[in-house]
There are 2 protein chains.
Amino acid sequence: MKKRVTLKDLAEATGVHVSTVSRALDPKRDTPLSDEVLSKVQRAAEQLGYRPNRVASSLRTQKTMTVGVVIPDITNLIFPPILRGIESVLEPLGYAAIIVNTDSQPIREKRLIEILQDRGVDGIIHSAVVLDDTTILHASEAGLPIVTLNRRVEGSSIPYVINDEEAGINAAFATLWNRGHRRIAHLAGPHGLSTGQMRNAAFVQSAVRHGLSIDDLTIVEAEHFDERDGRYAASRILMLSPETTAILCSNDRLALGAIEYLRSIGLSCPKDVSVTGFNDMPLLEKISPRLTTVRIKQYEAGVVAARILGQLMTGRSNLVPVRTVLPVELIERDSVATCHTLD
Amino acid sequence: MKKRVTLKDLAEATGVHVSTVSRALDPKRDTPLSDEVLSKVQRAAEQLGYRPNRVASSLRTQKTMTVGVVIPDITNLIFPPILRGIESVLEPLGYAAIIVNTDSQPIREKRLIEILQDRGVDGIIHSAVVLDDTTILHASEAGLPIVTLNRRVEGSSIPYVINDEEAGINAAFATLWNRGHRRIAHLAGPHGLSTGQMRNAAFVQSAVRHGLSIDDLTIVEAEHFDERDGRYAASRILMLSPETTAILCSNDRLALGAIEYLRSIGLSCPKDVSVTGFNDMPLLEKISPRLTTVRIKQYEAGVVAARILGQLMTGRSNLVPVRTVLPVELIERDSVATCHTLD
DNA sequence: ATGAAAGCGCTAACAA
DNA sequence: TTGTTAGCGCTTTCAT
């Protein structure tokens with residue numbers, strides 16, 4: 001185990017002072033230096049294999065060049081592309097990311113945020129906030145740059161990047177409506193999450209605009225955005241409203257669960273019941289029936305959030321919009337069929 | 001932006017020396033302290049909201065309590081479960097992980113390893129090594145604790161955790177053989193990766209043991225473990241050996257690609273050609289035809305690798321096995337059919 | 001253009 | 001049982 005080469009070593013090797021060495025190796029140097037020392041130091045650094053000690057520099061500059069990325073669960077397929085998007089902008093800027101999974105547990109989230117702060121992260125990209133997230137509010141008020149992704153914290157000025165939930169739900173609703181469906185139920189996501197809430201509101205709005213009465217709408221809320229709760233909520237929907245011909249789901253996993261449930265009771269999607277999703281997660285196009293869904297820009301969202309965080313961290317917070325809404329796109333596949341029910 | 005509370009602040013607040021405060025707050029303290037100071041300090045820490053500055057402590061102790069996790073690409077579905085496995089053991093030990101994607105580019109890998117070293121990671125879990133990985137060899141020789149996962153570096157003493165490739169390939173081969181297949185081709189993974197190589201060798205061994213002649217075997221190597229190269233390699237296989245009735249693929253993504261190719265030329269899997277995969281990646285069971293594959297213990301592998309790294313980092317390297325082989329399991333689904341070809 | 005000196009916040013060897 | 005001191009490796013202000 002050979003010891004690392006330090007600035008001091010280079011100073012001894014070149015006969016100049018450590019501070020001079022430091023300056024010579026500083027890429028964005030402002031102080032003037034003689035070409036001679038400069039090249040001498042650089043050559044020595046090269047030869048001895050000098051590598052800067054980021055820990056030491058972090059302590060001195062109070063910048064760790066590290067950001068925290070908080071997500072509910074990396075095994076949820078929509079997150080890996082988002083992370084690659086984040087990486088694509090942060091890595092070239094010299095930042096590294098510490099990724100943590102909250103498993104949607106507020107206590108766990110709180111602990112993880114604390115850990116990130118102990119480690120002195122320069123900022124946080126947060127994709128797992130709840131609507132009234134006090135943990136993150138505190139951190140933000142303490143001066144930590146934060147951007148939320150996919151979700152937002154209510155009544156705060158924390159910048160957020162979301163998808164055009166309303167347009168997405170409208171498009172999904174419209175495609176069902178245009179295929180003749182009138183008994184359209186909503187399999188809603190958790191109301192504690194902004195996505196669940198916004199999509200639910202958009203659904204109601206769409207339905208009303210198409211002339212349906214609020215009282216006639218069947219809406220069942222899933223506790224979590226997963227297949228299990230999708231199955232359960234679908235069963236409740238059909239119990240409450242057996243004449244349902246289409247289920248508009250708050251995301252793909254719920255939709256997958258709903259389709260599983262339909263199959264389990266001998267119904268077919270789309271023949272008996274049409275289903276739509278939201279997100280267009282990876283691999284979805286290989287699963288049968290190929291789900292009609294709303295595609296969100298996953299990688300893009302990561303990129304945009306990271307750019308905003310970058311601005312925040314370098315003090316150009318005046319430039320950043322509090323609200324960024326990314327466009328979505330309806331992907332029509334095979335889970336929606338024309339409705340032949342005689343009403 | 002309020003300033004962080006430091007040990008010095010606590011020292012002033014309690015009237016004792018910083019070092020005493022440090023001791024009072026050290027969880028695994030060996031020096032004796034009076035109950036009075038202890039509680040006084042702890043109360044002050046609580047009240048003022050003291051949080052230790054890990055950067056400072058890292059500089060002093062030369063331990064960052066951070067590990068690097070190197071993978072080819074997080075969007076490859078087999079990695080998220082592995083990461084959760086790693087997290088499940090490292091997080092309770094106080095470690096955070098910096099995850100980097102190499103995109104299987106050696107130059108990129110080298111740069112990323114350097115970055116991790118600059119940041120002073122205490123160890124690395126590496127899931128993207130190539131067989132003759134000099135970068136990682138150097139790092140290891142420099143004294144950095146390293147464990148490789150899924151793959152191994154040839155001719156080194158770097159501990160590695162792999163799956164029982166041989167048993168897996170044997171099982172896949174046997175199920176094809178038992179269903180009457182005799183014209184079994186191998187869609188091999190890259191020879192530069194230990195998985196590709198080991199699976200290829202196991203295939204040849206299996207075939208020979210079943211009485212096939214090496215010269216008759218059709219083996220086509222894919223350059224990368226992805227669908228695109230799977231499609232291409234499958235086309236080559238059928239060109240070289242049109243009588244092929246089964247393709248044993250080196251992993252799931254290659255198998256998915258092969259099936260896509262078959263479909264594109266009007267052949268059906270499993271009716272016309274049977275296909276097997278390797279890994280059993282998430283969501284595979286929802287894709288039709290449901291792929292018969294070899295399930296590897298993804299989460300478990302992360303757990304084991306992390307445990308070994310933990311031992312290495314705490315100097316108990318005498319306890320760690322260089323080689324750990326995890327058991328695999330054949331998952332029989334719908335992509336293998338009985339062969340009715342008259343030979 | 002370069003050197004001197006201080007200090008980021010913490011820990012640990014040594015003293016008392 | 002507690003205080004003193006030194007220093008991890010770097011950056012930055014001030015002096016020269």
# chains A, B, ... in the order shown; residues from 1 in each chain; ligands from 1

$ select_by_dssp --residues "segment 71-217 of chain B" --states "helix (DSSP H, G or I)" --output "PyMOL selection string"
chain B and resi 79-93+106-118+134-141+165-178+194-209+214-216

$ write_last_selection --atoms "C-alpha atoms" --output "mmCIF file, in the first residue's frame"
data_model
loop_
_atom_site.group_PDB
_atom_site.id
_atom_site.type_symbol
_atom_site.label_atom_id
_atom_site.label_comp_id
_atom_site.auth_asym_id
_atom_site.auth_seq_id
_atom_site.Cartn_x
_atom_site.Cartn_y
_atom_site.Cartn_z
ATOM 1 C CA PHE B 79 -28.454 -4.283 -11.567
ATOM 2 C CA PRO B 80 -31.076 -2.518 -9.486
ATOM 3 C CA PRO B 81 -31.733 -5.613 -7.334
ATOM 4 C CA ILE B 82 -28.000 -6.093 -6.900
ATOM 5 C CA LEU B 83 -27.667 -2.502 -5.734
ATOM 6 C CA ARG B 84 -30.433 -2.969 -3.211
ATOM 7 C CA GLY B 85 -28.613 -6.022 -1.914
ATOM 8 C CA ILE B 86 -25.407 -4.052 -1.533
ATOM 9 C CA GLU B 87 -27.218 -1.212 0.161
ATOM 10 C CA SER B 88 -28.905 -3.572 2.596
ATOM 11 C CA VAL B 89 -25.601 -4.505 4.168
ATOM 12 C CA LEU B 90 -23.503 -1.377 3.657
ATOM 13 C CA GLU B 91 -25.980 1.227 4.822
ATOM 14 C CA PRO B 92 -26.376 -0.242 8.322
ATOM 15 C CA LEU B 93 -22.590 -0.222 8.600
ATOM 16 C CA PRO B 106 -12.570 0.679 -20.648
ATOM 17 C CA ILE B 107 -11.455 4.295 -21.004
ATOM 18 C CA ARG B 108 -14.497 5.462 -19.171
ATOM 19 C CA GLU B 109 -14.011 2.796 -16.557
ATOM 20 C CA LYS B 110 -10.482 3.943 -15.949
ATOM 21 C CA ARG B 111 -11.544 7.544 -15.496
ATOM 22 C CA LEU B 112 -14.334 6.594 -13.136
ATOM 23 C CA ILE B 113 -12.062 4.481 -10.969
ATOM 24 C CA GLU B 114 -9.713 7.428 -10.741
ATOM 25 C CA ILE B 115 -12.550 9.677 -9.705
ATOM 26 C CA LEU B 116 -13.550 7.205 -7.032
ATOM 27 C CA GLN B 117 -9.985 7.097 -5.772
ATOM 28 C CA ASP B 118 -9.746 10.883 -5.729
ATOM 29 C CA THR B 134 -5.434 -3.669 -15.622
ATOM 30 C CA THR B 135 -7.127 -0.621 -14.180
ATOM 31 C CA ILE B 136 -8.626 -2.560 -11.368
ATOM 32 C CA LEU B 137 -5.500 -4.626 -10.875
ATOM 33 C CA HIS B 138 -3.517 -1.466 -10.284
ATOM 34 C CA ALA B 139 -6.043 -0.129 -7.841
ATOM 35 C CA SER B 140 -6.011 -3.406 -6.002
ATOM 36 C CA GLU B 141 -2.250 -3.502 -5.830
ATOM 37 C CA GLU B 165 -22.574 -20.567 -14.653
ATOM 38 C CA GLU B 166 -21.701 -24.147 -15.376
ATOM 39 C CA ALA B 167 -24.651 -25.613 -13.503
ATOM 40 C CA GLY B 168 -26.940 -23.094 -15.136
ATOM 41 C CA ILE B 169 -25.830 -23.850 -18.666
ATOM 42 C CA ASN B 170 -25.935 -27.580 -17.942
ATOM 43 C CA ALA B 171 -29.502 -27.313 -16.746
ATOM 44 C CA ALA B 172 -30.560 -25.279 -19.757
ATOM 45 C CA PHE B 173 -28.837 -27.667 -22.115
ATOM 46 C CA ALA B 174 -30.380 -30.674 -20.388
ATOM 47 C CA THR B 175 -33.899 -29.336 -20.627
ATOM 48 C CA LEU B 176 -33.462 -28.762 -24.361
ATOM 49 C CA TRP B 177 -31.918 -32.183 -24.837
ATOM 50 C CA ASN B 178 -34.622 -33.906 -22.872
ATOM 51 C CA SER B 194 -15.865 -13.874 -17.862
ATOM 52 C CA THR B 195 -19.575 -14.637 -17.954
ATOM 53 C CA GLY B 196 -19.581 -14.921 -21.717
ATOM 54 C CA GLN B 197 -16.522 -17.076 -21.664
ATOM 55 C CA MET B 198 -17.586 -19.379 -18.846
ATOM 56 C CA ARG B 199 -21.024 -19.952 -20.290
ATOM 57 C CA ASN B 200 -19.562 -20.708 -23.670
ATOM 58 C CA ALA B 201 -17.144 -23.223 -22.182
ATOM 59 C CA ALA B 202 -19.946 -24.827 -20.195
ATOM 60 C CA PHE B 203 -22.043 -25.110 -23.328
ATOM 61 C CA VAL B 204 -19.310 -26.916 -25.198
ATOM 62 C CA GLN B 205 -18.742 -29.218 -22.260
ATOM 63 C CA SER B 206 -22.448 -30.011 -21.986
ATOM 64 C CA ALA B 207 -22.726 -30.717 -25.677
ATOM 65 C CA VAL B 208 -19.743 -33.008 -25.689
ATOM 66 C CA ARG B 209 -20.946 -34.843 -22.637
ATOM 67 C CA ILE B 214 -17.412 -30.123 -31.227
ATOM 68 C CA ASP B 215 -17.130 -29.619 -34.953
ATOM 69 C CA ASP B 216 -20.873 -29.813 -35.370
#

$ residues_around --residues "Thr148 of chain A" --least-positions-apart "6" --cutoff "9 Å" --atoms "only C-alpha atoms (C1' of nucleotides)" --output "NGL selection string"
:A and (124-129 or 158-162 or 305)

$ write_last_selection --atoms "N, CA and C atoms" --output "PDB file, in the first residue's frame"
ATOM      1  N   ILE A 124     -29.507  18.444  -3.566  1.00  0.00           N
ATOM      2  CA  ILE A 124     -30.282  17.207  -3.588  1.00  0.00           C
ATOM      3  C   ILE A 124     -31.302  17.230  -4.722  1.00  0.00           C
ATOM      4  N   ILE A 125     -31.383  16.115  -5.427  1.00  0.00           N
ATOM      5  CA  ILE A 125     -32.479  15.922  -6.369  1.00  0.00           C
ATOM      6  C   ILE A 125     -33.398  14.897  -5.728  1.00  0.00           C
ATOM      7  N   HIS A 126     -34.623  15.274  -5.550  1.00  0.00           N
ATOM      8  CA  HIS A 126     -35.522  14.476  -4.734  1.00  0.00           C
ATOM      9  C   HIS A 126     -36.728  14.021  -5.548  1.00  0.00           C
ATOM     10  N   SER A 127     -36.851  12.714  -5.652  1.00  0.00           N
ATOM     11  CA  SER A 127     -37.918  12.174  -6.473  1.00  0.00           C
ATOM     12  C   SER A 127     -38.877  11.359  -5.637  1.00  0.00           C
ATOM     13  N   ALA A 128     -38.868  11.598  -4.340  1.00  0.00           N
ATOM     14  CA  ALA A 128     -39.694  10.769  -3.464  1.00  0.00           C
ATOM     15  C   ALA A 128     -40.399  11.591  -2.406  1.00  0.00           C
ATOM     16  N   VAL A 129     -40.554  12.873  -2.682  1.00  0.00           N
ATOM     17  CA  VAL A 129     -41.203  13.722  -1.681  1.00  0.00           C
ATOM     18  C   VAL A 129     -42.690  13.426  -1.579  1.00  0.00           C
ATOM     19  N   ILE A 158     -39.599  25.472  -3.662  1.00  0.00           N
ATOM     20  CA  ILE A 158     -38.604  24.519  -4.154  1.00  0.00           C
ATOM     21  C   ILE A 158     -38.895  24.209  -5.617  1.00  0.00           C
ATOM     22  N   PRO A 159     -37.918  24.438  -6.494  1.00  0.00           N
ATOM     23  CA  PRO A 159     -38.141  24.184  -7.920  1.00  0.00           C
ATOM     24  C   PRO A 159     -38.510  22.725  -8.168  1.00  0.00           C
ATOM     25  N   TYR A 160     -39.403  22.504  -9.084  1.00  0.00           N
ATOM     26  CA  TYR A 160     -39.784  21.130  -9.384  1.00  0.00           C
ATOM     27  C   TYR A 160     -39.920  20.906 -10.875  1.00  0.00           C
ATOM     28  N   VAL A 161     -39.637  19.668 -11.256  1.00  0.00           N
ATOM     29  CA  VAL A 161     -39.751  19.265 -12.653  1.00  0.00           C
ATOM     30  C   VAL A 161     -40.780  18.157 -12.718  1.00  0.00           C
ATOM     31  N   ILE A 162     -41.868  18.407 -13.399  1.00  0.00           N
ATOM     32  CA  ILE A 162     -42.892  17.374 -13.494  1.00  0.00           C
ATOM     33  C   ILE A 162     -43.299  17.167 -14.939  1.00  0.00           C
ATOM     34  N   ALA A 305     -33.717  18.374 -14.372  1.00  0.00           N
ATOM     35  CA  ALA A 305     -33.594  18.555 -12.925  1.00  0.00           C
ATOM     36  C   ALA A 305     -32.135  18.804 -12.540  1.00  0.00           C
TER      37      ALA A 305
END

$ closest_atom_pairs --of "chain A" --to "chain C" --cutoff "10 Å" --atoms "only C-alpha atoms (C1' of nucleotides)" --output "CSV"
residue,atom,partner,partner_atom,distance
A:Val16,CA,C:DT2,C1',8.3
A:His17,CA,C:DG3,C1',6.5
A:Val18,CA,C:DG3,C1',9.0
A:Ser19,CA,C:DG3,C1',7.9
A:Thr20,CA,C:DT2,C1',6.7
A:Thr31,CA,C:DA1,C1',8.6
A:Pro32,CA,C:DA1,C1',6.6
A:Leu33,CA,C:DA1,C1',5.7
A:Ser34,CA,C:DA1,C1',6.6
A:Val37,CA,C:DA1,C1',9.8
A:Ala56,CA,C:DC8,C1',8.8
A:Ser57,CA,C:DC8,C1',9.1
A:Ser58,CA,C:DC8,C1',8.6
A:Leu59,CA,C:DC8,C1',5.2
A:Arg60,CA,C:DC8,C1',4.5
A:Thr61,CA,C:DC8,C1',7.5
A:Gln62,CA,C:DC8,C1',7.6

$ write_last_selection --atoms "C-alpha atoms" --output "CSV table (one decimal), in the first residue's frame"
chain,number,residue,atom,x,y,z
A,16,VAL,CA,8.6,25.7,-4.7
A,17,HIS,CA,6.0,26.3,-2.0
A,18,VAL,CA,2.9,24.2,-1.6
A,19,SER,CA,0.7,27.1,-2.3
A,20,THR,CA,2.5,27.7,-5.6
A,31,THR,CA,-3.2,34.3,-10.3
A,32,PRO,CA,-0.4,34.7,-12.7
A,33,LEU,CA,2.5,32.2,-12.7
A,34,SER,CA,5.7,31.9,-14.6
A,37,VAL,CA,7.2,26.9,-12.5
A,56,ALA,CA,-9.1,17.8,1.9
A,57,SER,CA,-10.3,20.2,-0.7
A,58,SER,CA,-13.9,19.7,0.3
A,59,LEU,CA,-13.1,20.5,3.9
A,60,ARG,CA,-11.3,23.7,2.9
A,61,THR,CA,-13.8,24.9,0.3
A,62,GLN,CA,-17.0,23.7,1.9

$ interface_residues --of "chain D" --to "chain B" --cutoff "9 Å" --atoms "only C-alpha atoms (C1' of nucleotides)" --output "list in words"
DT1, DT2, DG3, DG7, DC8 and DG9 of chain D

$ interface_residues --of "chain B" --to "chain A" --cutoff "7 Å" --atoms "only C-alpha atoms" --output "PyMOL selection string"
chain B and resi 1-2+51-56+59+74-75+80-81+96-98+118-119+142-143+286-288

$ write_last_selection --atoms "N, CA and C atoms" --output "compact mmCIF listing (two decimals), in the first residue's frame"
# COMPACT_ATOMS: atom_id res chain seq x y z
N MET B 1 -29.45 30.92 5.41
CA MET B 1 -28.50 29.78 5.52
C MET B 1 -27.75 29.84 6.85
N LYS B 2 -28.26 29.15 7.84
CA LYS B 2 -27.58 29.17 9.14
C LYS B 2 -26.41 28.20 9.15
N ARG B 51 -24.60 18.07 14.22
CA ARG B 51 -24.44 16.95 13.28
C ARG B 51 -22.97 16.87 12.94
N PRO B 52 -22.39 15.69 13.07
CA PRO B 52 -20.96 15.56 12.79
C PRO B 52 -20.64 15.90 11.35
N ASN B 53 -19.51 16.49 11.13
CA ASN B 53 -19.06 16.81 9.79
C ASN B 53 -18.19 15.66 9.28
N ARG B 54 -18.80 14.87 8.41
CA ARG B 54 -18.10 13.68 7.95
C ARG B 54 -16.88 13.98 7.09
N VAL B 55 -16.90 15.12 6.44
CA VAL B 55 -15.76 15.46 5.60
C VAL B 55 -14.53 15.66 6.48
N ALA B 56 -14.72 16.42 7.54
CA ALA B 56 -13.60 16.68 8.44
C ALA B 56 -13.10 15.38 9.06
N LEU B 59 -11.10 13.35 6.61
CA LEU B 59 -9.75 13.85 6.36
C LEU B 59 -8.81 13.38 7.47
N ILE B 74 -26.90 1.07 -15.30
CA ILE B 74 -27.99 0.91 -14.33
C ILE B 74 -29.32 0.59 -15.00
N THR B 75 -29.47 0.94 -16.28
CA THR B 75 -30.74 0.65 -16.93
C THR B 75 -30.84 -0.82 -17.34
N PRO B 80 -30.40 -3.09 -10.64
CA PRO B 80 -31.08 -2.52 -9.49
C PRO B 80 -31.23 -3.47 -8.29
N PRO B 81 -31.64 -4.72 -8.50
CA PRO B 81 -31.73 -5.61 -7.33
C PRO B 81 -30.37 -5.84 -6.66
N ALA B 96 -21.91 4.88 2.54
CA ALA B 96 -22.73 5.36 1.43
C ALA B 96 -22.07 4.88 0.15
N ALA B 97 -22.85 4.80 -0.91
CA ALA B 97 -22.31 4.28 -2.17
C ALA B 97 -22.35 5.34 -3.26
N ILE B 98 -21.27 5.41 -4.02
CA ILE B 98 -21.28 6.21 -5.24
C ILE B 98 -21.33 5.23 -6.39
N ASP B 118 -9.91 9.50 -6.16
CA ASP B 118 -9.75 10.88 -5.73
C ASP B 118 -10.66 11.19 -4.56
N ARG B 119 -11.83 10.59 -4.62
CA ARG B 119 -12.79 10.85 -3.55
C ARG B 119 -12.53 9.99 -2.32
N ALA B 142 -2.55 -1.18 -5.26
CA ALA B 142 -2.29 0.02 -4.48
C ALA B 142 -2.93 -0.07 -3.09
N GLY B 143 -3.61 -1.17 -2.84
CA GLY B 143 -4.14 -1.38 -1.50
C GLY B 143 -5.61 -1.11 -1.33
N LYS B 286 -43.52 -11.67 -17.60
CA LYS B 286 -44.70 -11.07 -18.20
C LYS B 286 -44.58 -10.95 -19.70
N ILE B 287 -43.40 -11.26 -20.21
CA ILE B 287 -43.18 -11.13 -21.64
C ILE B 287 -43.47 -12.46 -22.33
N SER B 288 -44.17 -12.39 -23.46
CA SER B 288 -44.55 -13.60 -24.15
C SER B 288 -43.67 -13.84 -25.37

$ residues_around --residues "Ser274 of chain B" --least-positions-apart "4" --cutoff "10 Å" --atoms "only C-alpha atoms (C1' of nucleotides)" --output "count of residues only"
21

$ closest_residue --among "A:Ile331, A:Val294, A:Leu309, A:Val67" --to "Asp164 of chain A" --atoms "only C-alpha atoms"
A:Val294

$ atom_distance --atom1 "atom CA of Leu7 of chain A" --atom2 "atom CA of Ala24 of chain A"
10.6 Å

$ atom_distance --atom1 "atom CA of Arg231 of chain A" --atom2 "atom CA of Ala258 of chain A"
4.8 Å

$ decode --residues "segment 76-88 of chain A" --atoms "N, CA and C atoms" --output "mmCIF file, in the first residue's frame"
data_model
loop_
_atom_site.group_PDB
_atom_site.id
_atom_site.type_symbol
_atom_site.label_atom_id
_atom_site.label_comp_id
_atom_site.auth_asym_id
_atom_site.auth_seq_id
_atom_site.Cartn_x
_atom_site.Cartn_y
_atom_site.Cartn_z
ATOM 1 N N ASN A 76 -37.709 0.178 -9.233
ATOM 2 C CA ASN A 76 -38.820 0.675 -10.035
ATOM 3 C C ASN A 76 -38.230 1.152 -11.361
ATOM 4 N N LEU A 77 -38.702 0.539 -12.444
ATOM 5 C CA LEU A 77 -38.045 0.725 -13.743
ATOM 6 C C LEU A 77 -37.972 2.139 -14.283
ATOM 7 N N ILE A 78 -38.781 3.031 -13.754
ATOM 8 C CA ILE A 78 -38.700 4.374 -14.334
ATOM 9 C C ILE A 78 -37.490 5.159 -13.823
ATOM 10 N N PHE A 79 -36.872 4.696 -12.742
ATOM 11 C CA PHE A 79 -35.778 5.487 -12.185
ATOM 12 C C PHE A 79 -34.418 5.343 -12.853
ATOM 13 N N PRO A 80 -34.037 4.149 -13.269
ATOM 14 C CA PRO A 80 -32.726 4.073 -13.915
ATOM 15 C C PRO A 80 -32.514 5.060 -15.059
ATOM 16 N N PRO A 81 -33.470 5.236 -15.969
ATOM 17 C CA PRO A 81 -33.238 6.226 -17.031
ATOM 18 C C PRO A 81 -33.108 7.636 -16.468
ATOM 19 N N ILE A 82 -33.886 7.941 -15.455
ATOM 20 C CA ILE A 82 -33.794 9.262 -14.829
ATOM 21 C C ILE A 82 -32.391 9.473 -14.268
ATOM 22 N N LEU A 83 -31.864 8.444 -13.616
ATOM 23 C CA LEU A 83 -30.528 8.557 -13.037
ATOM 24 C C LEU A 83 -29.466 8.772 -14.108
ATOM 25 N N ARG A 84 -29.640 8.092 -15.236
ATOM 26 C CA ARG A 84 -28.669 8.286 -16.316
ATOM 27 C C ARG A 84 -28.742 9.718 -16.836
ATOM 28 N N GLY A 85 -29.939 10.253 -16.868
ATOM 29 C CA GLY A 85 -30.103 11.642 -17.294
ATOM 30 C C GLY A 85 -29.396 12.595 -16.340
ATOM 31 N N ILE A 86 -29.574 12.355 -15.072
ATOM 32 C CA ILE A 86 -28.922 13.195 -14.061
ATOM 33 C C ILE A 86 -27.410 13.103 -14.213
ATOM 34 N N GLU A 87 -26.944 11.882 -14.295
ATOM 35 C CA GLU A 87 -25.506 11.641 -14.427
ATOM 36 C C GLU A 87 -24.939 12.362 -15.647
ATOM 37 N N SER A 88 -25.695 12.342 -16.739
ATOM 38 C CA SER A 88 -25.177 12.902 -17.983
ATOM 39 C C SER A 88 -24.866 14.395 -17.859
#
